[in-house]
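One file, protein_13.cif, carrying mmCIF, C-alpha atoms:
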```
data_model
loop_
_atom_site.label_atom_id
_atom_site.label_comp_id
_atom_site.auth_asym_id
_atom_site.auth_seq_id
_atom_site.Cartn_x
_atom_site.Cartn_y
_atom_site.Cartn_z
CA MET A 19 23.67 -2.95 7.24
CA ARG A 20 23.09 -1.35 3.88
CA VAL A 21 19.66 0.18 3.25
CA SER A 22 18.57 1.51 -0.12
CA VAL A 23 15.75 4.04 0.14
CA LEU A 24 13.71 4.38 -3.04
CA ILE A 25 12.61 7.83 -4.16
CA PHE A 26 9.76 8.45 -6.62
CA PRO A 27 8.38 11.76 -7.85
CA GLY A 28 6.01 12.59 -5.00
CA SER A 29 7.76 10.61 -2.27
CA ASN A 30 7.81 12.81 0.82
CA CYS A 31 9.00 10.60 3.67
CA ASP A 32 12.26 9.68 1.97
CA MET A 33 14.34 12.23 3.90
CA ASP A 34 12.77 11.19 7.22
CA ALA A 35 13.57 7.58 6.42
CA ILE A 36 17.13 8.38 5.37
CA HIS A 37 17.59 10.39 8.58
CA ALA A 38 16.23 7.60 10.80
CA TRP A 39 18.24 4.85 9.14
CA SER A 40 21.51 6.77 8.89
CA LYS A 41 21.58 9.15 11.88
CA VAL A 42 19.61 7.17 14.45
CA LEU A 43 20.34 3.57 13.47
CA HIS A 44 23.71 4.19 11.79
CA ALA A 45 22.95 2.07 8.76
CA LYS A 46 24.70 2.75 5.49
CA VAL A 47 22.01 4.41 3.39
CA THR A 48 21.85 4.87 -0.37
CA PRO A 49 19.02 6.96 -1.84
CA VAL A 50 17.91 5.35 -5.11
CA TRP A 51 16.00 7.38 -7.71
CA HIS A 52 13.13 5.49 -9.35
CA LYS A 53 14.79 5.61 -12.77
CA ASP A 54 18.04 4.10 -11.53
CA HIS A 55 19.01 0.57 -12.38
CA ASP A 56 21.38 0.00 -9.51
CA LEU A 57 20.03 -0.81 -6.06
CA ALA A 58 23.57 -0.43 -4.65
CA ASN A 59 23.76 -3.99 -3.30
CA PRO A 60 21.51 -3.49 -0.27
CA ASP A 61 20.61 -5.80 2.60
CA LEU A 62 17.23 -4.07 2.75
CA VAL A 63 15.20 -1.99 0.32
CA PHE A 64 13.03 0.59 2.09
CA ILE A 65 10.08 2.06 0.18
CA PRO A 66 9.06 5.27 1.93
CA GLY A 67 5.74 7.06 2.21
CA GLY A 68 4.42 9.90 0.13
CA PHE A 69 2.24 10.33 -2.91
CA SER A 70 4.24 8.75 -5.70
CA PHE A 71 3.03 10.09 -9.05
CA GLY A 72 0.38 12.12 -7.24
CA ASP A 73 -1.51 8.95 -6.26
CA TYR A 74 -2.99 9.16 -9.77
CA LEU A 75 -5.21 6.25 -10.80
CA ARG A 76 -4.61 4.42 -7.49
CA SER A 77 -1.96 4.87 -4.81
CA GLY A 78 1.16 3.06 -5.96
CA ALA A 79 -0.32 2.01 -9.31
CA ILE A 80 2.13 3.99 -11.42
CA ALA A 81 5.17 3.65 -9.16
CA ARG A 82 5.13 -0.11 -9.47
CA PHE A 83 6.10 0.26 -13.13
CA SER A 84 9.07 2.56 -12.48
CA PRO A 85 12.30 1.18 -13.98
CA VAL A 86 13.88 0.45 -10.58
CA MET A 87 10.97 -1.80 -9.62
CA ASN A 88 12.24 -4.53 -11.96
CA ASP A 89 15.40 -4.60 -9.87
CA VAL A 90 13.36 -4.55 -6.68
CA ALA A 91 11.27 -7.51 -7.86
CA ALA A 92 14.43 -9.41 -8.82
CA PHE A 93 15.99 -8.55 -5.43
CA ALA A 94 12.89 -9.88 -3.65
CA LYS A 95 12.89 -13.02 -5.76
CA LYS A 96 16.47 -13.71 -4.75
CA GLY A 97 15.41 -13.56 -1.10
CA GLY A 98 16.12 -9.87 -0.44
CA TYR A 99 14.27 -7.99 2.29
CA LEU A 100 11.73 -5.27 1.49
CA PHE A 101 10.18 -2.81 3.94
CA GLY A 102 7.34 -0.60 2.68
CA VAL A 103 5.75 2.13 4.76
CA CYS A 104 2.48 3.86 3.85
CA ASN A 105 2.81 4.54 0.10
CA GLY A 106 5.51 1.87 0.18
CA PHE A 107 2.94 -0.60 1.51
CA GLN A 108 0.50 0.46 -1.21
CA ILE A 109 3.18 -0.08 -3.87
CA LEU A 110 4.03 -3.56 -2.54
CA CYS A 111 0.33 -4.51 -2.74
CA GLU A 112 0.02 -3.10 -6.26
CA MET A 113 3.08 -5.15 -7.25
CA GLY A 114 1.41 -8.26 -5.91
CA LEU A 115 4.30 -8.88 -3.51
CA LEU A 116 1.85 -8.53 -0.63
CA PRO A 117 -1.80 -9.59 -0.84
CA GLY A 118 -4.74 -7.18 -0.65
CA ALA A 119 -5.10 -3.48 -1.37
CA LEU A 120 -5.40 -0.18 0.46
CA LEU A 121 -8.69 1.67 0.04
CA THR A 122 -9.85 5.15 0.95
CA ASN A 123 -10.23 5.49 4.72
CA LYS A 124 -13.65 4.42 5.90
CA HIS A 125 -14.65 7.93 6.99
CA LEU A 126 -13.00 9.52 3.93
CA LYS A 127 -10.82 11.88 5.95
CA PHE A 128 -7.07 12.08 5.61
CA LEU A 129 -5.76 10.96 9.00
CA CYS A 130 -2.61 12.41 10.52
CA GLN A 131 -2.35 11.28 14.13
CA ASP A 132 -0.51 9.07 16.58
CA VAL A 133 -1.97 5.60 16.95
CA ASN A 134 -1.27 2.50 19.00
CA ILE A 135 -0.43 -0.68 17.17
CA ARG A 136 -0.01 -4.08 18.72
CA VAL A 137 2.67 -6.54 17.67
CA ALA A 138 0.44 -9.33 16.37
CA SER A 139 3.21 -11.67 15.27
CA THR A 140 6.90 -12.15 15.99
CA ARG A 141 7.32 -14.70 13.21
CA SER A 142 9.30 -12.53 10.81
CA PRO A 143 12.65 -10.88 11.55
CA PHE A 144 10.92 -7.49 11.28
CA THR A 145 9.30 -8.11 14.67
CA ALA A 146 11.22 -11.12 16.03
CA ASN A 147 12.95 -9.09 18.74
CA LEU A 148 9.74 -7.54 20.01
CA THR A 149 7.42 -9.11 22.54
CA LYS A 150 4.15 -10.35 21.11
CA ASP A 151 1.28 -8.00 22.04
CA ARG A 152 3.66 -5.17 22.81
CA ILE A 153 2.03 -1.84 22.04
CA LEU A 154 3.95 0.58 19.86
CA HIS A 155 3.12 4.25 19.59
CA ILE A 156 3.57 5.23 15.94
CA PRO A 157 2.00 7.94 13.75
CA ILE A 158 -0.18 7.41 10.71
CA ALA A 159 -0.63 9.91 7.87
CA HIS A 160 -2.79 8.64 5.04
CA GLY A 161 -5.97 9.05 3.09
CA MET A 162 -5.93 5.55 1.66
CA GLY A 163 -5.00 3.21 4.46
CA GLN A 164 -7.98 0.96 4.79
CA TYR A 165 -6.55 -2.51 4.36
CA PHE A 166 -8.79 -4.72 2.24
CA ALA A 167 -8.57 -8.35 1.18
CA ASP A 168 -11.25 -10.97 0.61
CA GLU A 169 -12.18 -13.21 3.54
CA ASP A 170 -10.16 -16.19 2.24
CA THR A 171 -7.04 -14.07 1.94
CA LEU A 172 -7.57 -12.63 5.43
CA ASP A 173 -7.95 -16.15 6.84
CA ARG A 174 -4.82 -17.23 5.02
CA LEU A 175 -2.90 -14.25 6.43
CA GLU A 176 -3.98 -15.14 9.94
CA ASP A 177 -3.35 -18.87 9.52
CA GLY A 178 0.13 -18.10 8.23
CA ASP A 179 0.82 -15.68 11.11
CA GLN A 180 1.40 -12.93 8.54
CA VAL A 181 -0.45 -10.14 10.35
CA ALA A 182 2.43 -8.17 11.84
CA PHE A 183 0.50 -5.29 13.47
CA ARG A 184 -3.06 -4.41 14.42
CA TYR A 185 -4.46 -1.04 15.40
CA CYS A 186 -5.44 -1.10 19.06
CA ASP A 187 -6.36 1.10 22.00
CA ALA A 188 -4.00 2.01 24.83
CA ALA A 189 -4.82 -1.28 26.56
CA GLY A 190 -3.99 -3.31 23.45
CA ASP A 191 -7.57 -4.11 22.48
CA ALA A 192 -8.02 -4.13 18.69
CA SER A 193 -11.54 -2.74 18.96
CA ASP A 194 -13.48 -1.09 16.15
CA ALA A 195 -13.18 2.22 17.97
CA ALA A 196 -9.38 1.95 17.85
CA ASN A 197 -9.35 1.13 14.14
CA PRO A 198 -8.75 4.55 12.57
CA ASN A 199 -9.42 3.77 8.92
CA GLY A 200 -11.71 0.75 8.86
CA SER A 201 -9.00 -1.75 7.97
CA ALA A 202 -10.14 -5.37 7.70
CA ARG A 203 -9.53 -7.13 11.02
CA SER A 204 -7.73 -3.98 12.26
CA ILE A 205 -4.71 -4.85 10.15
CA ALA A 206 -1.98 -2.18 10.22
CA GLY A 207 0.82 -4.24 8.68
CA ILE A 208 1.47 -7.62 7.08
CA THR A 209 4.37 -9.73 5.88
CA ASP A 210 4.63 -12.08 2.93
CA ALA A 211 4.59 -15.84 3.50
CA ALA A 212 8.38 -16.02 3.73
CA GLY A 213 8.57 -13.16 6.24
CA ARG A 214 10.99 -11.15 4.11
CA ILE A 215 8.61 -8.43 2.96
CA LEU A 216 6.85 -6.12 5.41
CA GLY A 217 4.25 -3.51 4.53
CA MET A 218 2.69 -1.23 7.12
CA MET A 219 0.67 1.99 7.07
CA PRO A 220 2.09 3.62 10.27
CA HIS A 221 5.38 5.49 9.98
CA PRO A 222 8.11 4.09 12.27
CA GLU A 223 10.66 6.53 10.82
CA ARG A 224 8.65 9.42 12.29
CA HIS A 225 8.99 8.11 15.84
CA ALA A 226 12.68 7.38 15.82
CA GLU A 227 13.80 9.99 18.37
CA ALA A 228 12.48 10.94 21.81
CA GLU A 229 12.39 14.60 20.78
CA LEU A 230 9.78 13.69 18.19
CA GLY A 231 7.49 11.92 20.63
CA SER A 232 8.66 8.34 20.91
CA VAL A 233 11.45 5.95 20.03
CA ASP A 234 9.08 3.05 19.33
CA GLY A 235 9.68 3.49 15.61
CA ALA A 236 13.44 3.18 16.03
CA THR A 237 12.91 0.07 18.15
CA LEU A 238 10.88 -1.42 15.32
CA LEU A 239 13.41 -0.49 12.61
CA SER A 240 16.25 -1.88 14.72
CA CYS A 241 14.72 -5.40 14.66
CA ILE A 242 15.37 -6.05 10.98
CA MET A 243 18.69 -4.25 11.30
CA GLN A 244 19.86 -6.63 14.03
CA HIS A 245 18.73 -9.60 11.96
CA LEU A 246 20.51 -8.46 8.81
CA SER A 247 23.65 -7.32 10.62
CA LYS A 248 23.91 -10.77 12.17
CA ALA A 249 23.46 -12.37 8.79
CA ALA A 250 26.16 -10.23 7.18
CA MET B 30 -8.63 7.06 -34.45
CA LYS B 31 -10.74 4.75 -32.36
CA LYS B 32 -12.28 5.75 -29.08
CA VAL B 33 -12.64 3.15 -26.35
CA ARG B 34 -14.17 3.82 -22.97
CA VAL B 35 -13.29 1.91 -19.84
CA ILE B 36 -15.52 1.95 -16.79
CA VAL B 37 -13.86 0.86 -13.55
CA ARG B 38 -16.06 -0.03 -10.61
CA LEU B 39 -15.32 -1.11 -7.07
CA ARG B 40 -16.21 -4.78 -6.80
CA GLN B 41 -19.31 -5.90 -4.98
CA GLY B 42 -18.51 -6.28 -1.32
CA VAL B 43 -15.90 -3.54 -1.35
CA LEU B 44 -17.05 -0.67 0.81
CA ASP B 45 -17.45 2.57 -1.14
CA PRO B 46 -17.42 5.38 1.42
CA GLN B 47 -17.53 8.03 -1.30
CA GLY B 48 -20.69 6.49 -2.75
CA LYS B 49 -22.24 6.24 0.72
CA THR B 50 -21.54 9.90 1.40
CA ALA B 51 -23.09 10.93 -1.93
CA GLU B 52 -26.08 8.72 -1.12
CA HIS B 53 -26.60 10.48 2.21
CA ALA B 54 -26.27 13.86 0.49
CA LEU B 55 -28.89 12.88 -2.11
CA HIS B 56 -31.25 11.79 0.70
CA SER B 57 -30.80 15.10 2.47
CA LEU B 58 -31.67 16.84 -0.82
CA GLY B 59 -34.98 14.98 -0.73
CA PHE B 60 -34.22 12.23 -3.26
CA GLU B 61 -35.51 9.51 -1.02
CA GLU B 62 -35.81 6.97 -3.84
CA VAL B 63 -32.02 6.56 -3.91
CA ARG B 64 -31.14 3.09 -2.64
CA ASP B 65 -27.46 2.91 -3.37
CA VAL B 66 -24.70 5.00 -4.93
CA ARG B 67 -21.44 3.54 -6.18
CA ILE B 68 -18.74 5.80 -7.55
CA GLY B 69 -16.26 4.50 -10.10
CA LYS B 70 -13.90 5.76 -12.75
CA TYR B 71 -14.48 6.56 -16.39
CA ILE B 72 -11.46 6.37 -18.67
CA GLU B 73 -11.40 7.39 -22.34
CA LEU B 74 -8.73 5.98 -24.59
CA GLU B 75 -7.95 7.21 -28.09
CA LEU B 76 -6.21 4.51 -30.05
CA ASP B 77 -4.49 4.26 -33.40
CA GLU B 78 -6.30 1.85 -35.64
CA THR B 79 -3.19 0.14 -36.87
CA LEU B 80 -4.24 -3.08 -35.13
CA GLU B 81 -7.23 -5.15 -36.16
CA ALA B 82 -10.26 -4.94 -33.91
CA ASP B 83 -9.71 -8.21 -32.04
CA LYS B 84 -6.10 -7.44 -31.29
CA LEU B 85 -7.00 -3.93 -30.20
CA HIS B 86 -9.62 -5.27 -27.80
CA GLU B 87 -7.08 -7.68 -26.43
CA HIS B 88 -4.65 -4.82 -25.88
CA VAL B 89 -7.24 -2.73 -24.02
CA LYS B 90 -8.00 -5.73 -21.83
CA GLU B 91 -4.31 -6.06 -21.08
CA MET B 92 -4.12 -2.35 -20.23
CA CYS B 93 -6.96 -2.83 -17.75
CA ASP B 94 -5.45 -5.94 -16.18
CA LYS B 95 -1.99 -4.44 -15.89
CA LEU B 96 -2.67 -0.86 -14.92
CA LEU B 97 -6.11 0.70 -15.25
CA ALA B 98 -7.89 -1.55 -12.75
CA ASN B 99 -6.76 -3.49 -9.69
CA PRO B 100 -8.50 -6.88 -9.75
CA VAL B 101 -8.29 -7.16 -5.96
CA ILE B 102 -10.80 -4.34 -5.55
CA GLU B 103 -12.12 -3.40 -8.98
CA ASP B 104 -14.02 -4.74 -11.98
CA TYR B 105 -13.90 -3.09 -15.38
CA GLU B 106 -16.00 -2.90 -18.48
CA ILE B 107 -14.75 -2.00 -21.93
CA VAL B 108 -17.16 -0.01 -24.09
CA GLU B 109 -16.21 0.37 -27.73
CA GLY B 110 -17.57 2.78 -30.28
#
```
How does this structure look as structure tokens?
Amino acid sequence: MRVSVLIFPGSNCDMDAIHAWSKVLHAKVTPVWHKDHDLANPDLVFIPGGFSFGDYLRSGAIARFSPVMNDVAAFAKKGGYLFGVCNGFQILCEMGLLPGALLTNKHLKFLCQDVNIRVASTRSPFTANLTKDRILHIPIAHGMGQYFADEDTLDRLEDGDQVAFRYCDAAGDASDAANPNGSARSIAGITDAAGRILGMMPHPERHAEAELGSVDGATLLSCIMQHLSKAA
Amino acid sequence: MKKVRVIVRLRQGVLDPQGKTAEHALHSLGFEEVRDVRIGKYIELELDETLEADKLHEHVKEMCDKLLANPVIEDYEIVEG
């Protein structure tokens, strides 16, 4: 599988993502600078975390107008797969490819910690190989991770089985206490209606090797890889 | 040169934790009359006056819709002059 990892000024999880995809999952990875006009014919475009353009104005607001994003939008329109983590999720929302927005964490603090997330849907190929309700142990690191959408949009997401992950406690309960940032309905990640675009705040690429605490992230990344390798 | 100001506010119903924190701080300073605090953004634009006023206003609106505000969470107000 070929993965193109986008890099913006201020991206800081790009190297982690490239490491996880290439060294752990053995995908063919191409780093793509935001001013490039060639996505290198990927099966998947991965938009990593960080603080693109210093998070100025709003997280992801400037990055969405980078030259390469025209190619990304065209790739998505053709049915290409997009995977955005943290700032990548924020960028996908700013582009309007995913509904909603990410607001400042409810308690204002920047949160850098391990959390539990529950697989809320196995509809899309990003989670199809996981068991529904499986708990994954994955870190978060964000100041603006509070998922927000109006009630109608939230209902639509749930009706369409588009909520991929919810924050939960160790027993899998998506309680308020286990919701680190105040996200609406404990949402940690969503897909688009077609199930080809995933955005999530937690960082699977940071838990890709046992030495770093868990391999749950690698398990998650491997789902879409298996799907796209089969398709190829 | 024409100066246009844009005020961006979080929409009603969107939680504003920053405003809440400032509200609590004002209460602890003794300003008990404070009922609500909402914190937004103030943007000043300096624009060439090569376009006529209507067109210029239209452009500023477009700037807000495309970049300066996110309609999912924010409202904006354009103040001219």
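Atom to atom, CA of Glu106 in chain B and CA of Glu91 in chain B stand 12.4 Å apart.
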Please write out, as lines of an AutoDock Vina configuration file, where the centre of an axis-aligned box around all listed atoms of range 33-42 of chain B lies and how long its edges are, in Å to one decimal, after adding 4 Å on each side.
```
center_x = -16.0
center_y = -1.2
center_z = -13.8
size_x = 14.7
size_y = 18.1
size_z = 33.0
```
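Residue list for chain B within 8 Å of chain A: Leu44, Pro46, Gln47, Leu96, Leu97, Asn99, Val101 and Ile102 of chain B, counting only C-alpha atoms.
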Suppose we keep C-alpha atoms; can you now write the selection as a PDB file, in the coordinates of the input?
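Dumped to again35.pdb:
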```pdb
ATOM      1  CA  LEU B  44     -17.050  -0.670   0.810  1.00  0.00           C
ATOM      2  CA  PRO B  46     -17.420   5.380   1.420  1.00  0.00           C
ATOM      3  CA  GLN B  47     -17.530   8.030  -1.300  1.00  0.00           C
ATOM      4  CA  LEU B  96      -2.670  -0.860 -14.920  1.00  0.00           C
ATOM      5  CA  LEU B  97      -6.110   0.700 -15.250  1.00  0.00           C
ATOM      6  CA  ASN B  99      -6.760  -3.490  -9.690  1.00  0.00           C
ATOM      7  CA  VAL B 101      -8.290  -7.160  -5.960  1.00  0.00           C
ATOM      8  CA  ILE B 102     -10.800  -4.340  -5.550  1.00  0.00           C
TER       9      ILE B 102
END
```
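Applied to this file, the PyMOL selection byres ((chain A and resi 247) around 12) selects the residues Met19, Arg20, Val21, Leu43, His44, Ala45, Lys46, Pro60, Asp61, Leu62, Pro143, Ser240, Cys241, Ile242, Met243, Gln244, His245, Leu246, Lys248, Ala249 and Ala250 of chain A.
Of note, CA of Arg136 in chain A and CA of Pro157 in chain A are spaced 13.2 Å apart.
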Residues picked by the PyMOL selection byres ((chain B and resi 65) around 9) here, as an mmCIF file with C-alpha atoms, in the coordinates of the input?
```cif
data_model
loop_
_atom_site.group_PDB
_atom_site.id
_atom_site.type_symbol
_atom_site.label_atom_id
_atom_site.label_comp_id
_atom_site.auth_asym_id
_atom_site.auth_seq_id
_atom_site.Cartn_x
_atom_site.Cartn_y
_atom_site.Cartn_z
ATOM 1 C CA GLY B 48 -20.690 6.490 -2.750
ATOM 2 C CA LYS B 49 -22.240 6.240 0.720
ATOM 3 C CA GLU B 52 -26.080 8.720 -1.120
ATOM 4 C CA VAL B 63 -32.020 6.560 -3.910
ATOM 5 C CA ARG B 64 -31.140 3.090 -2.640
ATOM 6 C CA VAL B 66 -24.700 5.000 -4.930
ATOM 7 C CA ARG B 67 -21.440 3.540 -6.180
#
```
Go through B:Leu58, B:Leu76, B:Ile68, B:Ile107 and flag the residue nearest Arg38 in chain B, using all atoms listed in the file for the distances. B:Ile68
Atom pair CA of Ala236 in chain A / CA of Asn88 in chain A: separation (Å): 29.1 Å
At a cut-off of 12 Å around the point (-0.3, -11.0, 9.9) (file coordinates), what residues fall inside when counting all atoms listed in the file? I'd like the answer as a PDB file with C-alpha atoms, keeping the file's coordinate frame.
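Saved file part.pdb follows:
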```pdb
ATOM      1  CA  LEU A 116       1.850  -8.530  -0.630  1.00  0.00           C
ATOM      2  CA  PRO A 117      -1.800  -9.590  -0.840  1.00  0.00           C
ATOM      3  CA  ARG A 136      -0.010  -4.080  18.720  1.00  0.00           C
ATOM      4  CA  VAL A 137       2.670  -6.540  17.670  1.00  0.00           C
ATOM      5  CA  ALA A 138       0.440  -9.330  16.370  1.00  0.00           C
ATOM      6  CA  SER A 139       3.210 -11.670  15.270  1.00  0.00           C
ATOM      7  CA  THR A 140       6.900 -12.150  15.990  1.00  0.00           C
ATOM      8  CA  ARG A 141       7.320 -14.700  13.210  1.00  0.00           C
ATOM      9  CA  SER A 142       9.300 -12.530  10.810  1.00  0.00           C
ATOM     10  CA  PHE A 144      10.920  -7.490  11.280  1.00  0.00           C
ATOM     11  CA  THR A 145       9.300  -8.110  14.670  1.00  0.00           C
ATOM     12  CA  TYR A 165      -6.550  -2.510   4.360  1.00  0.00           C
ATOM     13  CA  THR A 171      -7.040 -14.070   1.940  1.00  0.00           C
ATOM     14  CA  LEU A 172      -7.570 -12.630   5.430  1.00  0.00           C
ATOM     15  CA  ASP A 173      -7.950 -16.150   6.840  1.00  0.00           C
ATOM     16  CA  ARG A 174      -4.820 -17.230   5.020  1.00  0.00           C
ATOM     17  CA  LEU A 175      -2.900 -14.250   6.430  1.00  0.00           C
ATOM     18  CA  GLU A 176      -3.980 -15.140   9.940  1.00  0.00           C
ATOM     19  CA  ASP A 177      -3.350 -18.870   9.520  1.00  0.00           C
ATOM     20  CA  GLY A 178       0.130 -18.100   8.230  1.00  0.00           C
ATOM     21  CA  ASP A 179       0.820 -15.680  11.110  1.00  0.00           C
ATOM     22  CA  GLN A 180       1.400 -12.930   8.540  1.00  0.00           C
ATOM     23  CA  VAL A 181      -0.450 -10.140  10.350  1.00  0.00           C
ATOM     24  CA  ALA A 182       2.430  -8.170  11.840  1.00  0.00           C
ATOM     25  CA  PHE A 183       0.500  -5.290  13.470  1.00  0.00           C
ATOM     26  CA  ARG A 184      -3.060  -4.410  14.420  1.00  0.00           C
ATOM     27  CA  ALA A 202     -10.140  -5.370   7.700  1.00  0.00           C
ATOM     28  CA  ARG A 203      -9.530  -7.130  11.020  1.00  0.00           C
ATOM     29  CA  SER A 204      -7.730  -3.980  12.260  1.00  0.00           C
ATOM     30  CA  ILE A 205      -4.710  -4.850  10.150  1.00  0.00           C
ATOM     31  CA  ALA A 206      -1.980  -2.180  10.220  1.00  0.00           C
ATOM     32  CA  GLY A 207       0.820  -4.240   8.680  1.00  0.00           C
ATOM     33  CA  ILE A 208       1.470  -7.620   7.080  1.00  0.00           C
ATOM     34  CA  THR A 209       4.370  -9.730   5.880  1.00  0.00           C
ATOM     35  CA  ASP A 210       4.630 -12.080   2.930  1.00  0.00           C
ATOM     36  CA  ALA A 211       4.590 -15.840   3.500  1.00  0.00           C
ATOM     37  CA  ALA A 212       8.380 -16.020   3.730  1.00  0.00           C
ATOM     38  CA  GLY A 213       8.570 -13.160   6.240  1.00  0.00           C
ATOM     39  CA  ILE A 215       8.610  -8.430   2.960  1.00  0.00           C
ATOM     40  CA  LEU A 216       6.850  -6.120   5.410  1.00  0.00           C
ATOM     41  CA  GLY A 217       4.250  -3.510   4.530  1.00  0.00           C
ATOM     42  CA  MET A 218       2.690  -1.230   7.120  1.00  0.00           C
TER      43      MET A 218
END
```
